[in-house]
Amino acid sequence: MNLAEHSSELEARVDAVMESAVEELTRLVAIPSVSSLNPDQVVANAEHIADLASRAGAADVAVVTEGQGLPVVIAHWPAPEGAPTVLLYSHGDVQPPGDLSAWGSEPFTATRRGDRLYGRGTADDKGGVAAHLAAIRALGDRPPVGITLLIEGEEEIGSPSMAAIIAAHRSELAADVIVIADAVNWEQGVPSLTTSLRGVADCTVEVRTLDHPLHSGQFGGVVPDALTTLCRLLATLHDENGDVAVEGLGSYPAPDLEYPEDRLRAETAILDGVEWTGTGSLVERMWTRPSISVLAIDATPVAQAVNILPAAARAKVSLRVAPGDDAGRALEALTRHLESHVGFGAHVSISAGQIGAPGLIGISGPAGQVAEEAFRIAWGHEPVEMGCGGAIPLITDLQQTFPEATVLVTAVTDPDSRMHGIDESLHLGDFRRAILTEVLLLTGLADLPGRS
């Protein structure tokens, strides 16, 4: 099919569902489905999405779990004879809102300001959920391809039960093409196809130097306090340039792509005079090399401080794992480093946390060509093939389970969306373009043969 010849008709279909798409997204944002804090709300969100899928004409809808995991929605629109099946993925759980007073509007009340819709999950990733549902509705009662909708409820806590979900529902999830709407576009108005993602591995490290706190004047200068010892240990994670100093971590070749420094300064709102960490190109440092961040420290709060030497202190350390590396081995390397670099003979204990595999996604073949044409028509731009510093561990699970499927990692967000941050938002023009892209893609894929 010549997609360009049908683009006007398909655009009209998308425009007809845009108002309801924004309304649906607004209702989704109102459900505080924070997977790390509110499992009951994650359940409520899954049930709401299942109802939306039913009303969008799904032949069958199920809300499933494995073990103690959070719910996943699986819905089907059967394929016409000989047509391929496309799996559409997004996640419906979100991060905590953080400091409520710092938001410009209530985080769980979607609020439009200019061209953007603000609220927790508007971008990551309820915007993806709403885009999938809108594309399906725009195609009418009989989509030209088979569609399986897969909406996860625990992505923000590392997808602990998704491998078991995929194994238990393998036949229901089998597809020729898999669309993961959970990355970020190159910039507002310019789309991307993500070809690499870093993985994640984190741990909590606790340092102890004393059986109990001691008077800082009486014993300071002789007895090492736990907080200073922990700070000295954390400082060994990077060299003087800010590059990761942990041995045994891999890296991956970076694409030949320049990330404008002035744009990065604007996107990050880095303070005047603050320098970047690390060496090498910006895309290397953000996408294809490991990075380590100290996310939190437990110690005596300043407001409760007294003149004592802390006996214990702990920190949460997050490692972003380079594409092509193994997240489990990377966590072992980080653990070895922390255990071997603690000073003063302090006692150190490490508890492993979240582990998520990095990903490499090749874009080739007929499905990739259809996707590129869909992007060109919907956005007026070629999609930028780029990496992503974040992790989507599910991609590796799906690739291993369905090795013949083409995986396409798309986005509804842009670098100004502030995913996970204060005043998260979605550009509504890009939201429309993402829906149109998906409608064009699903229409164009109908010409490809389905699984035999």
# chains A, B, ... in the order shown; residues from 1 in each chain; ligands from 1
call {"tool": "residues_around", "arguments": {"residues": "Asp124 of chain A", "least_positions_apart": "4", "cutoff": "7 Å", "atoms": "only C-alpha atoms", "output": "number ranges by chain"}}
result
A: 94, 182, 419
call {"tool": "residues_around", "arguments": {"residues": "segment 126-140 of chain A", "least_positions_apart": "3", "cutoff": "6 Å", "atoms": "only C-alpha atoms", "output": "ChimeraX atom specification"}}
result
/A:13-14,21,25,56,90,92,121-123,143,181,435,439
call {"tool": "select_by_dssp", "arguments": {"residues": "segment 186-376 of chain A", "states": "strand (DSSP E or B)", "output": "PyMOL selection string"}}
result
chain A and resi 187+190+192-197+199-208+214-215+238+244+291-298+308-309+312-321+347-356+359-360
call {"tool": "residues_around", "arguments": {"residues": "segment 402-404 of chain A", "least_positions_apart": "6", "cutoff": "10 Å", "atoms": "only C-alpha atoms", "output": "ChimeraX atom specification"}}
result
/A:170,173-178,396,451
call {"tool": "residues_around", "arguments": {"residues": "Thr111 of chain A", "least_positions_apart": "4", "cutoff": "10 Å", "atoms": "only C-alpha atoms", "output": "list in words"}}
result
Thr26, Val29, Gly104, Ser105, Glu106, Pro107, Arg116, Leu117, Tyr118, Gly119, Thr122 and Ser425 of chain A
call {"tool": "select_by_dssp", "arguments": {"residues": "segment 131-319 of chain A", "states": "helix (DSSP H, G or I)", "output": "number ranges by chain"}}
result
A: 131-138, 155-157, 162-168, 170-173, 216-219, 226-235, 261-268, 282-288, 302-304
call {"tool": "residues_around", "arguments": {"residues": "Gly57 of chain A", "least_positions_apart": "3", "cutoff": "10 Å", "atoms": "only C-alpha atoms", "output": "ChimeraX atom specification"}}
result
/A:52-54,60-61,75-77,136-137,140-143
call {"tool": "atom_distance", "arguments": {"atom1": "atom CA of Gln68 of chain A", "atom2": "atom CA of Ala183 of chain A"}}
result
27.1 Å
call {"tool": "closest_residue", "arguments": {"among": "A:Ala303, A:Val348, A:Leu426, A:Leu445", "to": "Ala110 of chain A", "atoms": "only C-alpha atoms"}}
result
A:Leu426
call {"tool": "atom_distance", "arguments": {"atom1": "atom CA of Asp256 of chain A", "atom2": "atom CA of Ser364 of chain A"}}
result
18.4 Å
call {"tool": "residues_around", "arguments": {"residues": "Thr335 of chain A", "least_positions_apart": "3", "cutoff": "12 Å", "atoms": "only C-alpha atoms", "output": "number ranges by chain"}}
result
A: 201-206, 233, 237, 246-249, 317-319, 328-332, 338-342, 348-353
call {"tool": "residues_around", "arguments": {"residues": "Met162 of chain A", "least_positions_apart": "4", "cutoff": "10 Å", "atoms": "only C-alpha atoms", "output": "list in words"}}
result
Thr65, Glu66, Gly69, Leu70, Pro71, Val72, Glu152, Gly153, Glu154, Glu155, Gly158, Ile166, Ala167, Ala168, Pro393, Leu394, Asp397 and Leu398 of chain A
call {"tool": "closest_residue", "arguments": {"among": "A:Ala12, A:Leu282, A:Ala226, A:Ala163", "to": "Ala313 of chain A", "atoms": "only C-alpha atoms"}}
result
A:Ala226
call {"tool": "closest_residue", "arguments": {"among": "A:Glu424, A:Thr413, A:Arg263, A:Glu438", "to": "Arg112 of chain A", "atoms": "only C-alpha atoms"}}
result
A:Glu424
call {"tool": "closest_residue", "arguments": {"among": "A:Leu100, A:Leu88, A:Met286, A:Ala4", "to": "Ala374 of chain A", "atoms": "only C-alpha atoms"}}
result
A:Ala4
call {"tool": "closest_residue", "arguments": {"among": "A:Gly356, A:Tyr89, A:Pro253, A:Thr277", "to": "Ser161 of chain A", "atoms": "only C-alpha atoms"}}
result
A:Gly356
call {"tool": "closest_residue", "arguments": {"among": "A:His6, A:His215, A:His48, A:Arg232", "to": "Asn307 of chain A", "atoms": "only C-alpha atoms"}}
result
A:His215
call {"tool": "atom_distance", "arguments": {"atom1": "atom CA of Val294 of chain A", "atom2": "atom CA of Leu334 of chain A"}}
result
12.6 Å
